[in-house]
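Undergrad: Once you've had a glance at the structure underneath, I'll fire off some questions.
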Amino acid sequence: MKKLFLAVMSLSLAIGSVSAKGAKKDASGLANSVDSVSYALGINIGMSLQEQFKQLPIENINTAAFCEALKNTLNKDTALLKIKAAESGNVIQNVMQRAEQEKTMKDLAANKIWMANNKTKPGIKETASGLQYQVIFEGAGDKPKATDKVSVTYTGTLTDGTIFDSSASPISFELNKVIPGWTEGIQLMPVGSKYKLFIPSELAYGNRAMGAKIKPNSILIFDVELLGIEKAQARSSAKFQFKPYQRTM
């Protein structure tokens with residue numbers, strides 16, 4: 001909006017000395033400063049709307065219907081509007097919600113197929129919740145409980161191989177303060193183990209996005225090495241603040 005205002009102001013100053021009355025049309029066919037500014041506004045707003053339309057869940061809008069509603073609204077001809085102004089927001093919201101629901105259903109169906117195919121690979125095991133894991137190396141230490149604090153290193157990837165996060169050095173956190181797939185999966189690991197966890201979206205972030213790389217309904221894959229456990233009863237009562245996989249990346 002600021003850029004649009006500056007563009008209009010610059011244009012207005014440039015043609016401000018031109019009289020709106022009796023002026024001859026220039027090469028563009030615009031008769032006066034009002035026509036020029038009006039046309040320039042149409043260009044600027046049109047370019048801005050092109051970007052906004054890309055966010056709509058439709059390939060193309062009906063330009064004729066759009067221009068008709070825009071003209072009647074600007075002219076305050078509310079009687080000619082085919083949808084009441086107060087209801088226009090709900091119409092847009094309903095379309096967006098339906099599109100989101102349809103995409104979620106498609107994503108979940110695709111996730112189900114991916115997890116089913118992954119389950120058939122050698123060494124892949126699945127729990128009752130739908131979490132899948134593969135033992136890369138089995139340690140000989142104790143297994144943590146959900147109330148314990150653990151120390152790990154990890155790398156997180158998407159199903160297409162995109163790395164969305166990793167630990168440059170070991171991190172520690174309370175196991176019951178992270179996504180359900182981690183809480184369950186790391187409890188399967190003896191200290192000293194390295195597992196690969198395949199976490200379905202319902203055990204991760206569900207239909208929420210997380211940062212720029214984790215889209216809604218994403219399956220998350222982690223290579224995790226469990227380095228140590230601090231038992232709940234051995235810890236101080238101070239609240240631990242770090243919450244991996246609940247941060248913005």
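All residue names refer to the structure tokens as shown: chains lettered A, B, ... in order, residues numbered from 1 in each chain, ligands numbered from 1 in order.
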Can you tell me which residues surround Thr155 in chain A at a distance of at most 12 Å, considering only C-alpha atoms, apart from same-chain residues fewer than 5 positions away, and format the answer as a PyMOL selection string?

TA: chain A and resi 161-171+194-197+220-225+245

Undergrad: Please give the complete set of residues from range 1-158 of chain A that DSSP, run on the backbone, assigns to alpha helix (DSSP H), formatted as JSON, numbers by chain.

TA: {"A": [2, 3, 4, 5, 6, 7, 8, 9, 10, 11, 12, 13, 14, 15, 33, 34, 35, 36, 37, 38, 39, 40, 41, 42, 43, 44, 45, 46, 47, 48, 49, 50, 51, 52, 53, 63, 64, 65, 66, 67, 68, 69, 70, 71, 72, 73, 74, 85, 86, 87, 88, 89, 90, 91, 92, 93, 94, 95, 96, 97, 98, 99, 100, 101, 102, 103, 104, 105, 106, 107, 108, 109, 110, 111, 112, 113, 114, 115, 116, 117, 118, 119]}

Undergrad: Using the chain letters and numbers from this document, which residues of range 18-236 of chain A does DSSP assign to strand (DSSP E), as an NGL selection string?

TA: :A and (124-126 or 132-137 or 149-157 or 163-166 or 171-174 or 194-199 or 220-230)

Undergrad: What is the distance between CA of Lys103 in chain A and CA of Pro216 in chain A, in Å to one decimal?

TA: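 Answer for the CA of Lys103 in chain A to CA of Pro216 in chain A separation: 9.8 Å.
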
Undergrad: Do you have the CA of Lys106 in chain A-CA of Leu203 in chain A distance handy?

TA: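 Between these atoms lies a distance of 17.9 Å.
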
Undergrad: Counting only C-alpha atoms, which residue out of A:Gln101, A:Ser36, A:Gln52, A:Asn118 sits closest to Leu131 in chain A?

TA: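 For Leu131 in chain A, the nearest of the candidates is A:Asn118.
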